[in-house]
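See below for protein.txt, which holds compact mmCIF, C-alpha atoms.
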```txt
# COMPACT_ATOMS: atom_id res chain seq x y z
CA MET A 65 0.00 0.00 0.00
CA PRO A 66 1.45 3.43 -0.89
CA ARG A 67 2.49 5.76 1.89
CA VAL A 68 0.61 8.94 2.56
CA CYS A 69 2.61 12.17 2.63
CA GLY A 70 4.40 12.43 5.97
CA GLU A 71 3.65 8.84 6.97
CA THR A 72 6.52 6.76 8.24
CA GLY A 73 6.84 3.03 7.94
CA THR A 74 9.23 0.24 7.24
CA LEU A 75 11.72 0.53 4.44
CA SER A 76 10.65 -1.00 1.16
CA VAL A 77 13.15 -2.83 -1.03
CA SER A 78 13.77 0.35 -3.01
CA ASP A 79 14.34 2.31 0.21
CA LYS A 80 17.15 0.06 1.42
CA LEU A 81 20.15 2.23 2.27
CA LEU A 82 23.69 1.20 1.40
CA ASP A 83 26.75 2.22 3.39
CA ALA A 84 30.31 2.28 2.04
CA ASP A 85 31.14 -1.28 3.08
CA GLN A 86 27.94 -2.60 1.52
CA ILE A 87 28.62 -0.74 -1.75
CA LYS A 88 32.15 -2.15 -1.87
CA GLY A 89 30.91 -5.66 -1.11
CA LEU A 90 28.17 -5.50 -3.73
CA LEU A 91 30.60 -4.35 -6.40
CA ILE A 92 33.04 -7.15 -5.52
CA GLU A 93 30.14 -9.59 -5.73
CA LEU A 94 29.09 -8.07 -9.06
CA ALA A 95 32.59 -8.67 -10.45
CA ALA A 96 32.44 -12.30 -9.29
CA GLU A 97 28.99 -12.72 -10.86
CA LEU A 98 30.34 -12.00 -14.36
CA PRO A 99 31.42 -14.99 -16.48
CA PRO A 100 35.20 -15.56 -16.41
CA LYS A 101 35.74 -14.81 -20.10
CA GLY A 102 35.00 -11.59 -21.92
CA PRO A 103 35.91 -7.91 -21.96
CA GLN A 104 36.39 -5.88 -18.82
CA HIS A 105 33.34 -3.76 -17.95
CA VAL A 106 33.86 -0.26 -16.58
CA ILE A 107 31.61 1.53 -14.11
CA VAL A 108 32.27 5.21 -13.33
CA VAL A 109 30.72 5.88 -9.93
CA VAL A 110 29.39 9.37 -9.19
CA GLY A 111 26.91 11.01 -6.83
CA GLY A 112 25.89 9.79 -3.42
CA ALA A 113 27.54 6.39 -3.83
CA LEU A 114 30.95 7.94 -4.40
CA ILE A 115 30.43 10.44 -1.58
CA THR A 116 29.43 7.53 0.67
CA TRP A 117 32.42 5.47 -0.53
CA HIS A 118 34.75 8.25 0.65
CA GLY A 119 32.98 8.64 4.00
CA PHE A 120 31.43 12.08 3.43
CA ARG A 121 27.95 10.73 4.02
CA GLU A 122 26.63 7.66 5.81
CA ASN A 123 24.64 5.96 3.06
CA THR A 124 22.87 6.14 -0.26
CA ARG A 125 20.01 4.39 -2.03
CA ASP A 126 21.84 3.34 -5.18
CA VAL A 127 25.09 3.33 -7.14
CA ASP A 128 25.04 5.77 -10.07
CA SER A 129 27.37 5.49 -13.03
CA VAL A 130 27.92 7.86 -15.93
CA ARG A 131 28.74 4.89 -18.14
CA ARG A 132 25.95 2.83 -19.64
CA PHE A 133 25.87 -0.94 -19.11
CA ASP A 134 25.59 -3.73 -21.63
CA MET A 135 23.19 -6.64 -21.12
CA GLU A 136 25.79 -8.91 -19.49
CA LEU A 137 26.48 -6.38 -16.73
CA GLN A 138 22.76 -5.69 -16.28
CA VAL A 139 22.04 -9.41 -15.85
CA ALA A 140 24.85 -9.75 -13.29
CA ALA A 141 23.58 -6.68 -11.38
CA ALA A 142 20.06 -8.15 -11.37
CA ALA A 143 21.36 -11.41 -9.88
CA VAL A 144 23.14 -9.48 -7.10
CA ALA A 145 19.97 -7.44 -6.50
CA SER A 146 17.88 -10.59 -6.22
CA ARG A 147 20.24 -12.20 -3.72
CA HIS A 148 20.25 -9.13 -1.48
CA LYS A 149 16.62 -8.11 -2.01
CA LEU A 150 17.70 -4.80 -3.53
CA ASP A 151 15.83 -2.66 -5.99
CA SER A 152 16.63 -3.75 -9.56
CA ASN A 153 18.16 -0.30 -10.12
CA TRP A 154 20.58 -0.48 -7.19
CA LEU A 155 23.24 -0.08 -9.88
CA ASN A 156 22.17 2.23 -12.66
CA ALA A 157 23.41 4.51 -15.41
CA ARG A 158 20.83 7.27 -14.96
CA ALA A 159 23.67 9.75 -14.43
CA ALA A 160 24.95 9.08 -17.97
CA ALA A 161 22.51 11.69 -19.28
CA PHE A 162 24.21 14.29 -17.07
CA ARG A 163 27.82 13.39 -17.82
CA PRO A 164 29.80 16.64 -17.71
CA GLN A 165 32.26 17.68 -20.42
CA THR A 166 35.06 17.76 -17.82
CA LEU A 167 34.83 14.07 -16.89
CA ARG A 168 37.84 12.20 -18.24
CA GLU A 169 38.08 8.56 -17.25
CA GLU A 170 41.89 8.69 -17.16
CA GLU A 171 41.56 11.21 -14.29
CA CYS A 172 39.26 8.95 -12.28
CA GLU A 173 40.38 7.08 -9.19
CA VAL A 174 40.48 3.29 -9.51
CA LEU A 175 38.21 2.05 -6.73
CA SER A 176 38.31 -1.63 -7.67
CA ASP A 177 39.95 -3.56 -10.48
CA ALA A 178 38.93 -7.15 -11.17
CA PRO A 179 39.59 -9.05 -14.42
CA ARG A 180 36.02 -8.48 -15.67
CA LEU A 181 35.04 -5.29 -13.81
CA ARG A 182 36.88 -2.03 -13.25
CA VAL A 183 35.22 0.46 -10.93
CA LEU A 184 36.29 4.08 -11.23
CA GLY A 185 35.38 7.02 -9.04
CA ALA A 186 34.92 10.38 -10.72
CA PRO A 187 37.04 13.24 -9.38
CA LEU A 188 35.13 14.98 -6.58
CA ARG A 189 35.30 18.34 -8.37
CA VAL A 190 33.36 16.71 -11.24
CA VAL A 191 30.83 15.30 -8.76
CA PHE A 192 30.54 18.82 -7.30
CA ALA A 193 29.68 20.20 -10.75
CA MET A 194 27.11 17.42 -11.29
CA LYS A 195 25.50 18.03 -7.90
CA LEU A 196 25.44 21.79 -8.56
CA PHE A 197 23.80 21.08 -11.94
CA ALA A 198 21.09 18.98 -10.27
CA SER A 199 20.69 21.37 -7.30
CA ARG A 200 18.10 19.25 -5.52
CA GLY A 201 17.61 19.87 -1.83
CA SER A 202 19.41 16.60 -1.07
CA ASP A 203 22.47 17.79 -3.04
CA TYR A 204 23.34 20.74 -0.78
CA PRO A 205 24.68 18.71 2.17
CA ASP A 206 26.80 16.71 -0.32
CA LEU A 207 28.13 19.88 -1.94
CA ARG A 208 29.15 21.27 1.45
CA ALA A 209 30.64 17.94 2.54
CA ILE A 210 32.96 17.58 -0.46
CA TRP A 211 33.84 21.27 -0.99
CA LYS A 212 37.27 21.09 0.68
CA GLN A 213 38.21 17.98 -1.33
CA CYS A 214 37.44 19.55 -4.72
CA GLY A 215 40.46 21.83 -4.98
CA PHE A 216 38.47 24.99 -5.54
CA THR A 217 39.75 28.02 -3.64
CA THR A 218 36.82 30.34 -4.41
CA ALA A 219 33.19 30.20 -5.43
CA GLU A 220 34.21 31.92 -8.68
CA GLU A 221 36.56 29.05 -9.50
CA ALA A 222 33.85 26.47 -8.76
CA VAL A 223 31.34 28.29 -10.97
CA ALA A 224 33.87 28.61 -13.80
CA PHE A 225 34.44 24.84 -13.58
CA PHE A 226 30.66 24.30 -13.57
CA TYR A 227 30.30 26.20 -16.87
CA GLU A 228 33.28 24.33 -18.31
CA SER A 229 31.53 21.10 -17.31
CA TYR A 230 28.18 22.20 -18.76
CA PRO A 231 29.07 24.72 -21.49
CA PHE A 232 25.55 24.86 -22.92
CA GLU A 233 23.97 25.71 -19.57
CA GLU A 234 22.42 29.18 -19.52
CA HIS A 235 24.40 31.65 -17.40
CA ASP A 236 22.90 32.22 -13.96
CA PRO A 237 23.98 35.59 -12.51
CA HIS A 238 23.19 34.35 -8.99
CA LEU A 239 25.08 31.05 -9.10
CA GLU A 240 28.35 32.42 -7.74
CA GLU A 241 26.61 34.01 -4.74
CA HIS A 242 24.66 30.79 -4.20
CA VAL A 243 27.88 28.76 -4.05
CA ARG A 244 29.56 31.37 -1.83
CA THR A 245 26.64 31.27 0.64
CA MET A 246 26.54 27.48 0.61
CA ILE A 247 30.24 27.01 1.30
CA ALA A 248 30.26 29.77 3.94
CA SER A 249 27.60 27.85 5.88
CA GLN A 250 29.85 24.77 5.74
CA SER A 251 32.75 26.36 7.62
```

Show this structure as structure tokens.
Amino acid sequence: MPRVCGETGTLSVSDKLLDADQIKGLLIELAAELPPKGPQHVIVVVGGALITWHGFRENTRDVDSVRRFDMELQVAAAAVASRHKLDSNWLNARAAAFRPQTLREEECEVLSDAPRLRVLGAPLRVVFAMKLFASRGSDYPDLRAIWKQCGFTTAEEAVAFFYESYPFEEHDPHLEEHVRTMIASQS
């Protein structure tokens, strides 16, 4: 039965939260689920899963990648989901539509490297730009949490990187002040 606005209840399968150790374990299990022969798949983790992986937040609902998956990887992910009673989209490529121009896989951190599955983590400054692009209420704590790890020294620098990441995004004259206010509240 659907929940009514404001009602609390038990977590559904799709509401199951994953901490860093669970994410790591699931990705190791995903690598083992793949047949022994074939090309190496690559997942580029972004968003809440990467922020959780690095300990800047406690948990997340899913693992987002900016790389799309072929059928073999989707089938393996579904088998892992079934075993752990996870939502079928626990691992997804929904972020692929929002891949920024500044994301270069050679600059990503190798989080895990198995013969059939390589897991990369996007640079946190790229994740910052993606979260700023989305600007959902849930993104603001993440933006503040990773700010010091992004290498930006000013809001102006972060906004310039944002527009480099999303060059077709319409200029927002208030974005710099928004970032400045957000990072000031983090200190």

Do you have, as JSON lines, the list of residues of stretch 111-194 of chain A lying at most 12 Å from stretch 233-245 of chain A, each with its nearest atom pair and that distance in Å to one decimal, counting only C-alpha atoms and ordered by chain then number?
```
{"residue": "A:Phe162", "atom": "CA", "partner": "A:Glu233", "partner_atom": "CA", "distance": 11.7}
{"residue": "A:Pro164", "atom": "CA", "partner": "A:Glu233", "partner_atom": "CA", "distance": 10.9}
{"residue": "A:Gln165", "atom": "CA", "partner": "A:Glu233", "partner_atom": "CA", "distance": 11.6}
{"residue": "A:Phe192", "atom": "CA", "partner": "A:Val243", "partner_atom": "CA", "distance": 10.8}
{"residue": "A:Ala193", "atom": "CA", "partner": "A:Val243", "partner_atom": "CA", "distance": 11.0}
```

Once you add 8 Å to each side, what are the centre and edge lengths of the axis-aligned box holding all listed atoms of stretch 217-233 of chain A? One decimal in Å, as JSON, if you can.
```
{"center_x": 31.9, "center_y": 26.5, "center_z": -13.3, "size_x": 31.8, "size_y": 26.8, "size_z": 35.3}
```

| Pick from A:Arg189, A:Arg163, A:Arg180, A:Arg208, whichever lies nearest to A:Arg132 using all atoms listed in the file | A:Arg163

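Straight-line separation from atom CA of A:Ala96 to atom CA of A:Ala178: 8.5 Å.
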
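With all atoms listed in the file as the basis for measurement, A:Thr166 is the residue among A:Thr124, A:Thr166, A:Gln104, A:Gln86 that approaches A:Tyr227 most closely.
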
| For A:His148, which of A:Val191, A:Leu82, A:Leu114, A:Val127 is the closest residue, counting all atoms listed in the file? | A:Leu82
